[in-house]
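Peer 1: I'm passing along run_25.json; it holds JSON, C-alpha atoms.
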```
[["chain", "number", "residue", "atom", "x", "y", "z"],
["A", 235, "MET", "CA", 97.67, 68.67, 145.95],
["A", 236, "THR", "CA", 98.91, 70.87, 143.13],
["A", 237, "GLN", "CA", 98.63, 74.03, 145.21],
["A", 238, "GLY", "CA", 100.55, 72.37, 148.06],
["A", 239, "LEU", "CA", 103.33, 71.23, 145.73],
["A", 240, "ALA", "CA", 103.52, 74.63, 144.06],
["A", 241, "ALA", "CA", 103.59, 76.38, 147.46],
["A", 242, "SER", "CA", 106.49, 74.14, 148.51],
["A", 243, "VAL", "CA", 108.36, 75.11, 145.34],
["A", 244, "MET", "CA", 107.71, 78.80, 146.05],
["A", 245, "ALA", "CA", 108.93, 78.40, 149.63],
["A", 246, "ARG", "CA", 112.16, 76.84, 148.39],
["A", 247, "ALA", "CA", 112.56, 79.54, 145.76],
["A", 248, "TYR", "CA", 112.21, 82.15, 148.50],
["A", 249, "VAL", "CA", 114.87, 80.42, 150.62],
["A", 250, "LEU", "CA", 117.22, 80.32, 147.63],
["A", 251, "ARG", "CA", 116.54, 83.78, 146.18],
["A", 252, "GLY", "CA", 115.18, 85.83, 149.08],
["A", 253, "ASP", "CA", 112.55, 87.42, 146.85],
["A", 254, "VAL", "CA", 109.40, 88.12, 148.88],
["A", 255, "GLN", "CA", 107.25, 87.65, 145.75],
["A", 256, "TYR", "CA", 107.73, 83.90, 146.20],
["A", 257, "VAL", "CA", 106.29, 84.15, 149.72],
["A", 258, "ASN", "CA", 103.32, 86.17, 148.46],
["A", 259, "PHE", "CA", 102.60, 83.65, 145.72],
["A", 260, "ALA", "CA", 102.99, 80.69, 148.12],
["A", 261, "GLU", "CA", 100.49, 82.28, 150.52],
["A", 262, "LYS", "CA", 98.01, 82.91, 147.69],
["A", 263, "LEU", "CA", 98.26, 79.26, 146.67],
["A", 264, "ILE", "CA", 97.67, 78.00, 150.21],
["A", 265, "ASN", "CA", 94.91, 80.51, 150.98],
["A", 266, "GLY", "CA", 93.11, 79.55, 147.77],
["A", 267, "MET", "CA", 93.45, 75.86, 148.56],
["A", 268, "LEU", "CA", 92.04, 76.46, 152.06],
["A", 269, "LEU", "CA", 88.81, 77.94, 150.75],
["A", 270, "PRO", "CA", 85.79, 75.68, 151.14],
["A", 271, "ILE", "CA", 84.95, 73.57, 148.11],
["A", 272, "HIS", "CA", 81.73, 75.53, 147.51],
["A", 273, "ARG", "CA", 83.94, 78.65, 147.10],
["A", 274, "ASN", "CA", 86.23, 76.90, 144.57],
["A", 275, "GLY", "CA", 88.78, 75.82, 147.14],
["A", 276, "ALA", "CA", 89.76, 72.32, 148.23],
["A", 277, "LEU", "CA", 88.71, 72.34, 151.89],
["A", 278, "PHE", "CA", 86.07, 69.87, 153.02],
["A", 279, "VAL", "CA", 84.87, 70.00, 156.63],
["A", 280, "ASP", "CA", 83.01, 67.03, 158.07],
["A", 281, "ASN", "CA", 82.24, 67.46, 161.78],
["A", 282, "ASP", "CA", 85.67, 67.57, 163.49],
["A", 283, "ASN", "CA", 87.49, 66.44, 160.34],
["A", 284, "ILE", "CA", 89.17, 68.89, 158.00],
["A", 285, "TRP", "CA", 90.16, 67.42, 154.66],
["A", 286, "ILE", "CA", 92.00, 69.00, 151.74],
["A", 287, "GLU", "CA", 90.74, 67.31, 148.62],
["A", 288, "GLU", "CA", 92.85, 66.49, 145.59],
["A", 289, "TYR", "CA", 89.66, 66.21, 143.52],
["A", 290, "PRO", "CA", 87.33, 68.77, 145.14],
["A", 291, "ALA", "CA", 84.66, 68.49, 142.45],
["A", 292, "GLU", "CA", 84.04, 64.78, 143.10],
["A", 293, "LYS", "CA", 81.10, 63.79, 145.22],
["A", 294, "PRO", "CA", 81.35, 62.14, 147.62],
["A", 295, "PRO", "CA", 84.85, 63.36, 148.47],
["A", 296, "ARG", "CA", 87.52, 60.72, 147.89],
["A", 297, "HIS", "CA", 90.05, 61.87, 150.52],
["A", 298, "VAL", "CA", 93.07, 60.91, 148.38],
["A", 299, "LEU", "CA", 95.91, 60.24, 150.80],
["A", 300, "ASN", "CA", 98.87, 61.56, 148.81],
["A", 301, "GLY", "CA", 96.91, 64.66, 147.79],
["A", 302, "LEU", "CA", 96.10, 65.42, 151.41],
["A", 303, "VAL", "CA", 99.71, 64.98, 152.52],
["A", 304, "PHE", "CA", 101.20, 67.05, 149.69],
["A", 305, "ALA", "CA", 98.76, 69.81, 150.66],
["A", 306, "LEU", "CA", 99.89, 69.47, 154.29],
["A", 307, "LEU", "CA", 103.54, 69.72, 153.29],
["A", 308, "GLY", "CA", 102.81, 72.87, 151.31],
["A", 309, "ILE", "CA", 101.08, 74.41, 154.33],
["A", 310, "TYR", "CA", 103.99, 73.46, 156.56],
["A", 311, "ASP", "CA", 106.56, 74.90, 154.15],
["A", 312, "VAL", "CA", 104.65, 78.18, 153.99],
["A", 313, "TYR", "CA", 104.45, 78.22, 157.78],
["A", 314, "LEU", "CA", 108.24, 77.80, 157.93],
["A", 315, "ILE", "CA", 108.89, 80.86, 155.77],
["A", 316, "THR", "CA", 106.14, 83.06, 157.25],
["A", 317, "ARG", "CA", 105.88, 81.82, 160.86],
["A", 318, "ARG", "CA", 102.16, 82.61, 160.69],
["A", 319, "ASN", "CA", 100.39, 80.66, 163.42],
["A", 320, "ALA", "CA", 97.28, 80.28, 161.25],
["A", 321, "TYR", "CA", 99.22, 77.95, 158.92],
["A", 322, "LEU", "CA", 100.60, 75.94, 161.82],
["A", 323, "SER", "CA", 97.11, 75.69, 163.31],
["A", 324, "ILE", "CA", 95.53, 74.35, 160.11],
["A", 325, "PHE", "CA", 98.49, 71.99, 159.65],
["A", 326, "LYS", "CA", 97.88, 70.55, 163.12],
["A", 327, "ARG", "CA", 94.12, 70.28, 162.61],
["A", 328, "VAL", "CA", 94.45, 68.45, 159.30],
["A", 329, "CYS", "CA", 97.14, 66.20, 160.80],
["A", 330, "SER", "CA", 94.67, 65.35, 163.56],
["A", 331, "THR", "CA", 92.09, 64.47, 160.91],
["A", 332, "LEU", "CA", 94.60, 62.17, 159.23],
["A", 333, "GLU", "CA", 95.55, 60.56, 162.53],
["A", 334, "ARG", "CA", 91.88, 59.96, 163.47],
["A", 335, "ASN", "CA", 91.11, 58.52, 160.03],
["A", 336, "ILE", "CA", 94.30, 56.65, 159.08],
["A", 337, "ASP", "CA", 92.36, 53.39, 159.41],
["A", 338, "LEU", "CA", 90.51, 54.33, 156.21],
["A", 339, "TYR", "CA", 93.80, 53.80, 154.36],
["A", 340, "ASP", "CA", 95.35, 51.04, 156.44],
["A", 341, "LEU", "CA", 95.52, 47.47, 155.12],
["A", 342, "LEU", "CA", 98.07, 46.26, 157.68],
["A", 343, "ILE", "CA", 101.21, 46.22, 155.49],
["A", 344, "PHE", "CA", 99.58, 47.84, 152.45],
["A", 345, "SER", "CA", 97.61, 51.02, 151.90],
["A", 346, "ARG", "CA", 94.66, 52.38, 149.99],
["A", 347, "TYR", "CA", 94.93, 55.16, 147.42],
["A", 348, "ASP", "CA", 91.98, 56.99, 148.93],
["A", 349, "ALA", "CA", 89.28, 56.42, 151.54],
["A", 350, "SER", "CA", 87.31, 54.11, 149.27],
["A", 351, "PRO", "CA", 87.66, 50.44, 150.20],
["A", 352, "MET", "CA", 87.71, 49.74, 146.47],
["A", 353, "ARG", "CA", 90.93, 51.59, 145.67],
["A", 354, "ILE", "CA", 93.93, 49.69, 146.96],
["A", 355, "ALA", "CA", 97.19, 51.54, 146.25],
["A", 356, "ASN", "CA", 99.40, 49.98, 143.61],
["A", 357, "ALA", "CA", 103.08, 49.42, 144.44],
["A", 358, "SER", "CA", 104.16, 52.94, 143.43],
["A", 359, "TYR", "CA", 101.41, 54.69, 145.37],
["A", 360, "HIS", "CA", 101.95, 52.41, 148.36],
["A", 361, "LEU", "CA", 105.60, 53.46, 148.50],
["A", 362, "LEU", "CA", 104.57, 57.11, 148.13],
["A", 363, "ASN", "CA", 101.91, 56.76, 150.85],
["A", 364, "THR", "CA", 104.44, 55.13, 153.17],
["A", 365, "VAL", "CA", 107.02, 57.88, 152.76],
["A", 366, "LEU", "CA", 104.47, 60.69, 153.02],
["A", 367, "VAL", "CA", 102.80, 59.33, 156.14],
["A", 368, "TYR", "CA", 106.24, 58.80, 157.70],
["A", 369, "VAL", "CA", 107.20, 62.43, 157.00],
["A", 370, "ILE", "CA", 103.91, 63.74, 158.42],
["A", 371, "ALA", "CA", 104.32, 61.49, 161.47],
["A", 372, "LYS", "CA", 107.74, 62.99, 162.12],
["A", 373, "LEU", "CA", 106.60, 66.60, 161.54],
["A", 374, "SER", "CA", 103.48, 66.25, 163.66],
["A", 375, "GLY", "CA", 104.94, 64.00, 166.34],
["A", 376, "SER", "CA", 102.21, 61.40, 165.78],
["A", 377, "TYR", "CA", 103.23, 58.02, 167.15],
["A", 378, "LYS", "CA", 100.10, 56.46, 165.63],
["A", 379, "LEU", "CA", 101.03, 57.61, 162.12],
["A", 380, "LEU", "CA", 104.63, 56.52, 162.68],
["A", 381, "LYS", "CA", 103.49, 53.00, 163.61],
["A", 382, "VAL", "CA", 101.35, 52.81, 160.47],
["A", 383, "ALA", "CA", 104.18, 54.07, 158.23],
["A", 384, "ASN", "CA", 106.58, 51.53, 159.74],
["A", 385, "ARG", "CA", 104.12, 48.71, 159.10],
["A", 386, "TRP", "CA", 103.57, 49.90, 155.55],
["A", 387, "ALA", "CA", 107.34, 49.90, 155.05],
["A", 388, "ILE", "CA", 107.21, 46.11, 155.49],
["A", 389, "GLY", "CA", 104.84, 46.00, 152.53],
["A", 390, "CYS", "CA", 107.33, 48.07, 150.54],
["A", 391, "VAL", "CA", 110.03, 45.48, 151.25],
["A", 392, "PHE", "CA", 107.74, 42.74, 149.96],
["A", 393, "LEU", "CA", 106.92, 44.76, 146.87],
["A", 394, "SER", "CA", 110.59, 45.47, 146.16],
["A", 395, "ASN", "CA", 111.18, 41.82, 145.40],
["A", 396, "ASN", "CA", 110.09, 41.31, 141.77],
["A", 397, "TYR", "CA", 108.93, 37.75, 142.44],
["A", 398, "ILE", "CA", 106.77, 38.84, 145.34],
["A", 399, "ARG", "CA", 105.70, 41.99, 143.52],
["A", 400, "ARG", "CA", 104.30, 39.96, 140.62],
["A", 401, "TYR", "CA", 102.13, 37.98, 143.03],
["A", 402, "ALA", "CA", 101.19, 41.09, 144.99],
["A", 403, "ASP", "CA", 99.97, 42.69, 141.74],
["A", 404, "ILE", "CA", 97.91, 39.58, 141.00],
["A", 405, "ALA", "CA", 96.51, 39.67, 144.54],
["A", 406, "HIS", "CA", 95.77, 43.40, 144.13],
["A", 407, "LYS", "CA", 93.79, 42.75, 140.94],
["A", 408, "TYR", "CA", 91.99, 39.81, 142.54],
["A", 409, "VAL", "CA", 90.99, 41.75, 145.66],
["A", 410, "SER", "CA", 89.95, 44.78, 143.61],
["A", 411, "THR", "CA", 87.77, 42.59, 141.40],
["A", 412, "LEU", "CA", 86.32, 40.80, 144.40],
["A", 413, "ILE", "CA", 85.45, 44.10, 146.06],
["A", 414, "LYS", "CA", 83.70, 45.28, 142.88],
["A", 415, "ILE", "CA", 81.69, 42.07, 142.70],
["A", 416, "LEU", "CA", 80.72, 42.20, 146.36],
["A", 417, "LYS", "CA", 79.99, 45.93, 146.39],
["A", 418, "PRO", "CA", 76.40, 46.49, 147.43],
["A", 419, "THR", "CA", 74.30, 48.29, 144.86],
["A", 420, "THR", "CA", 72.52, 51.39, 145.99]]
```
Take the structure in the file and write it out as structure tokens.
Peer 2:
Amino acid sequence: MTQGLAASVMARAYVLRGDVQYVNFAEKLINGMLLPIHRNGALFVDNDNIWIEEYPAEKPPRHVLNGLVFALLGIYDVYLITRRNAYLSIFKRVCSTLERNIDLYDLLIFSRYDASPMRIANASYHLLNTVLVYVIAKLSGSYKLLKVANRWAIGCVFLSNNYIRRYADIAHKYVSTLIKILKPTT
């Protein structure tokens, strides 16, 4: 996530200043992020799925939604300033992973923070997830992601009402506690 955000900043600095050093630094950030986890990068490959992990040291991988999307946006921004097809290719492949696995995060009108069924996004992260998935849906042309983002936007409307938000927070705590109680022990 951090590398993606920093690469986006470097891409914007390049657009504003025209200094190629910003492009070089942005590419180093993205290329480092795209190294496999075992080589100190953030890339996790699982069959046909390519994930960029916000917390690459955690096992099993958490697949944090906002971290994945911020990484995607960094890749896309670097593609825009370099026009290197390799960046566009990885952007599309990771978008396909997100599209195939969006159900891991989808709670109808709410979202999860990461792929764990135990981590429901709080109101702030739900709003962030909604906006990020919407942006990726538009950039990638994914109708499936767009439908999910639009549904999640309904949840944002509910959460914007303080009265409803108070009860949603109570429900969030209740469901989180219930999931912890019912979680099978291994």
Peer 1: Listing only residues of stretch 357-393 of chain A within 8 Å of stretch 295-318 of chain A, what is the closest atom pair and its distance in Å (to one decimal) for each, using all atoms listed in the file, sorted by chain and residue number ascending, as a Markdown table?
Peer 2:
```
| residue | atom | partner | partner_atom | distance |
| --- | --- | --- | --- | --- |
| A:Leu362 | CA | A:Asn300 | CA | 7.3 |
| A:Asn363 | CA | A:Asn300 | CA | 6.0 |
| A:Leu366 | CA | A:Val303 | CA | 6.4 |
| A:Val367 | CA | A:Val303 | CA | 7.4 |
| A:Ile370 | CA | A:Val303 | CA | 7.3 |
```
Peer 1: Would you kindly return, as a ChimeraX atom specification, each protein, DNA or RNA residue with an atom no farther than 12 Å from any atom of A:Arg334, considering all atoms listed in the file and excluding same-chain residues fewer than 3 positions away?
Peer 2: /A:282-285,327-331,337-340,376,378-379
Peer 1: From the options A:Val369, A:Arg273, A:Arg353, A:Ala241, which residue's atoms come nearest to A:Gln255, counting all atoms listed in the file?
Peer 2: A:Ala241
Peer 1: Suppose you want the space between atom CA of A:Met267 and atom CA of A:Ala371; what is it in Å?
Peer 2: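 Atom-to-atom, atom CA of A:Met267 to atom CA of A:Ala371, that is 22.2 Å.
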Peer 1: Work out how far apart atom CA of A:Cys390 and atom CA of A:Lys372 are and give it in Å to one decimal.
Peer 2: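 Separating atom CA of A:Cys390 from atom CA of A:Lys372 is a distance of 18.9 Å.
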Peer 1: So how far away is atom CA of A:Ala240 from atom CA of A:Tyr377, in Å?
Peer 2: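 Computing it gives 28.4 Å between the two atoms.
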Peer 1: In terms of the shortest atom-to-atom distance over only C-alpha atoms, which of A:Leu277, A:Tyr368, A:Glu287, A:Asn384 is closest to A:Ile324?
Peer 2: A:Leu277
Peer 1: Which residue out of A:Ile354, A:Leu380, A:Ala245, A:Ala291 has the minimum interatomic distance to A:Asn274 when only C-alpha atoms are used?
Peer 2: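 Looking only at the distances to A:Asn274, the closest residue turns out to be A:Ala291.
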Peer 1: Considering all atoms listed in the file, state which residue in the set A:Tyr248, A:Phe325, A:Tyr289, A:Trp386 is at the smallest distance from A:Ala276.
Peer 2: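 Ranked by minimum distance to A:Ala276, first place goes to A:Tyr289.
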Peer 1: Counting only C-alpha atoms, figure out which residue out of A:Tyr321, A:Phe392, A:Tyr359, A:Tyr347 gets nearest to A:Leu268.
Peer 2: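 Selected residue with least distance to A:Leu268: A:Tyr321.
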Peer 1: Give me stretch 356-381 of chain A with N, CA, C and O atoms filled in, as a PDB file, keeping the file's coordinate frame.
Peer 2:
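Contents of out-v2.pdb, as written:
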```
ATOM      1  N   ASN A 356      98.457  50.854 144.293  1.00  0.00           N
ATOM      2  CA  ASN A 356      99.400  49.980 143.610  1.00  0.00           C
ATOM      3  C   ASN A 356     100.768  50.147 144.265  1.00  0.00           C
ATOM      4  O   ASN A 356     100.936  50.932 145.196  1.00  0.00           O
ATOM      5  N   ALA A 357     101.757  49.415 143.797  1.00  0.00           N
ATOM      6  CA  ALA A 357     103.080  49.420 144.440  1.00  0.00           C
ATOM      7  C   ALA A 357     103.680  50.817 144.520  1.00  0.00           C
ATOM      8  O   ALA A 357     104.236  51.210 145.554  1.00  0.00           O
ATOM      9  N   SER A 358     103.571  51.591 143.446  1.00  0.00           N
ATOM     10  CA  SER A 358     104.160  52.940 143.430  1.00  0.00           C
ATOM     11  C   SER A 358     103.468  53.864 144.424  1.00  0.00           C
ATOM     12  O   SER A 358     104.121  54.596 145.168  1.00  0.00           O
ATOM     13  N   TYR A 359     102.134  53.831 144.425  1.00  0.00           N
ATOM     14  CA  TYR A 359     101.410  54.690 145.370  1.00  0.00           C
ATOM     15  C   TYR A 359     101.579  54.211 146.803  1.00  0.00           C
ATOM     16  O   TYR A 359     101.595  55.018 147.731  1.00  0.00           O
ATOM     17  N   HIS A 360     101.720  52.907 146.996  1.00  0.00           N
ATOM     18  CA  HIS A 360     101.950  52.410 148.360  1.00  0.00           C
ATOM     19  C   HIS A 360     103.277  52.945 148.896  1.00  0.00           C
ATOM     20  O   HIS A 360     103.345  53.403 150.040  1.00  0.00           O
ATOM     21  N   LEU A 361     104.304  52.907 148.075  1.00  0.00           N
ATOM     22  CA  LEU A 361     105.600  53.460 148.500  1.00  0.00           C
ATOM     23  C   LEU A 361     105.460  54.953 148.794  1.00  0.00           C
ATOM     24  O   LEU A 361     105.943  55.438 149.821  1.00  0.00           O
ATOM     25  N   LEU A 362     104.783  55.682 147.915  1.00  0.00           N
ATOM     26  CA  LEU A 362     104.570  57.110 148.130  1.00  0.00           C
ATOM     27  C   LEU A 362     103.787  57.358 149.425  1.00  0.00           C
ATOM     28  O   LEU A 362     104.174  58.198 150.241  1.00  0.00           O
ATOM     29  N   ASN A 363     102.699  56.611 149.624  1.00  0.00           N
ATOM     30  CA  ASN A 363     101.910  56.760 150.850  1.00  0.00           C
ATOM     31  C   ASN A 363     102.759  56.512 152.091  1.00  0.00           C
ATOM     32  O   ASN A 363     102.664  57.239 153.074  1.00  0.00           O
ATOM     33  N   THR A 364     103.596  55.491 152.030  1.00  0.00           N
ATOM     34  CA  THR A 364     104.440  55.130 153.170  1.00  0.00           C
ATOM     35  C   THR A 364     105.381  56.267 153.531  1.00  0.00           C
ATOM     36  O   THR A 364     105.479  56.680 154.691  1.00  0.00           O
ATOM     37  N   VAL A 365     106.067  56.797 152.521  1.00  0.00           N
ATOM     38  CA  VAL A 365     107.020  57.880 152.760  1.00  0.00           C
ATOM     39  C   VAL A 365     106.303  59.131 153.249  1.00  0.00           C
ATOM     40  O   VAL A 365     106.747  59.776 154.211  1.00  0.00           O
ATOM     41  N   LEU A 366     105.196  59.484 152.631  1.00  0.00           N
ATOM     42  CA  LEU A 366     104.470  60.690 153.020  1.00  0.00           C
ATOM     43  C   LEU A 366     103.914  60.607 154.439  1.00  0.00           C
ATOM     44  O   LEU A 366     104.019  61.568 155.207  1.00  0.00           O
ATOM     45  N   VAL A 367     103.343  59.472 154.788  1.00  0.00           N
ATOM     46  CA  VAL A 367     102.800  59.330 156.140  1.00  0.00           C
ATOM     47  C   VAL A 367     103.943  59.347 157.162  1.00  0.00           C
ATOM     48  O   VAL A 367     103.807  59.927 158.245  1.00  0.00           O
ATOM     49  N   TYR A 368     105.072  58.756 156.807  1.00  0.00           N
ATOM     50  CA  TYR A 368     106.240  58.800 157.700  1.00  0.00           C
ATOM     51  C   TYR A 368     106.685  60.247 157.941  1.00  0.00           C
ATOM     52  O   TYR A 368     106.931  60.650 159.081  1.00  0.00           O
ATOM     53  N   VAL A 369     106.776  61.032 156.875  1.00  0.00           N
ATOM     54  CA  VAL A 369     107.200  62.430 157.000  1.00  0.00           C
ATOM     55  C   VAL A 369     106.215  63.213 157.864  1.00  0.00           C
ATOM     56  O   VAL A 369     106.616  63.957 158.772  1.00  0.00           O
ATOM     57  N   ILE A 370     104.917  63.034 157.624  1.00  0.00           N
ATOM     58  CA  ILE A 370     103.910  63.740 158.420  1.00  0.00           C
ATOM     59  C   ILE A 370     103.968  63.272 159.878  1.00  0.00           C
ATOM     60  O   ILE A 370     103.818  64.075 160.800  1.00  0.00           O
ATOM     61  N   ALA A 371     104.202  61.995 160.093  1.00  0.00           N
ATOM     62  CA  ALA A 371     104.320  61.490 161.470  1.00  0.00           C
ATOM     63  C   ALA A 371     105.468  62.177 162.191  1.00  0.00           C
ATOM     64  O   ALA A 371     105.335  62.574 163.353  1.00  0.00           O
ATOM     65  N   LYS A 372     106.586  62.343 161.510  1.00  0.00           N
ATOM     66  CA  LYS A 372     107.740  62.990 162.120  1.00  0.00           C
ATOM     67  C   LYS A 372     107.482  64.481 162.365  1.00  0.00           C
ATOM     68  O   LYS A 372     107.826  65.017 163.414  1.00  0.00           O
ATOM     69  N   LEU A 373     106.868  65.162 161.382  1.00  0.00           N
ATOM     70  CA  LEU A 373     106.600  66.600 161.540  1.00  0.00           C
ATOM     71  C   LEU A 373     105.558  66.875 162.622  1.00  0.00           C
ATOM     72  O   LEU A 373     105.665  67.861 163.341  1.00  0.00           O
ATOM     73  N   SER A 374     104.573  66.009 162.718  1.00  0.00           N
ATOM     74  CA  SER A 374     103.480  66.250 163.660  1.00  0.00           C
ATOM     75  C   SER A 374     103.720  65.605 165.025  1.00  0.00           C
ATOM     76  O   SER A 374     103.004  65.904 165.974  1.00  0.00           O
ATOM     77  N   GLY A 375     104.692  64.703 165.085  1.00  0.00           N
ATOM     78  CA  GLY A 375     104.940  64.000 166.340  1.00  0.00           C
ATOM     79  C   GLY A 375     103.915  62.919 166.633  1.00  0.00           C
ATOM     80  O   GLY A 375     103.726  62.527 167.777  1.00  0.00           O
ATOM     81  N   SER A 376     103.259  62.408 165.594  1.00  0.00           N
ATOM     82  CA  SER A 376     102.210  61.400 165.780  1.00  0.00           C
ATOM     83  C   SER A 376     102.807  59.999 165.822  1.00  0.00           C
ATOM     84  O   SER A 376     103.262  59.467 164.810  1.00  0.00           O
ATOM     85  N   TYR A 377     102.747  59.391 166.998  1.00  0.00           N
ATOM     86  CA  TYR A 377     103.230  58.020 167.150  1.00  0.00           C
ATOM     87  C   TYR A 377     102.333  57.049 166.389  1.00  0.00           C
ATOM     88  O   TYR A 377     102.817  56.083 165.805  1.00  0.00           O
ATOM     89  N   LYS A 378     101.029  57.325 166.359  1.00  0.00           N
ATOM     90  CA  LYS A 378     100.100  56.460 165.630  1.00  0.00           C
ATOM     91  C   LYS A 378     100.437  56.407 164.142  1.00  0.00           C
ATOM     92  O   LYS A 378     100.498  55.331 163.540  1.00  0.00           O
ATOM     93  N   LEU A 379     100.671  57.574 163.539  1.00  0.00           N
ATOM     94  CA  LEU A 379     101.030  57.610 162.120  1.00  0.00           C
ATOM     95  C   LEU A 379     102.386  56.960 161.879  1.00  0.00           C
ATOM     96  O   LEU A 379     102.593  56.292 160.860  1.00  0.00           O
ATOM     97  N   LEU A 380     103.305  57.136 162.805  1.00  0.00           N
ATOM     98  CA  LEU A 380     104.630  56.520 162.680  1.00  0.00           C
ATOM     99  C   LEU A 380     104.517  54.995 162.684  1.00  0.00           C
ATOM    100  O   LEU A 380     105.165  54.320 161.876  1.00  0.00           O
ATOM    101  N   LYS A 381     103.683  54.455 163.570  1.00  0.00           N
ATOM    102  CA  LYS A 381     103.490  53.000 163.610  1.00  0.00           C
ATOM    103  C   LYS A 381     102.917  52.495 162.291  1.00  0.00           C
ATOM    104  O   LYS A 381     103.353  51.466 161.776  1.00  0.00           O
TER     105      LYS A 381
END
```
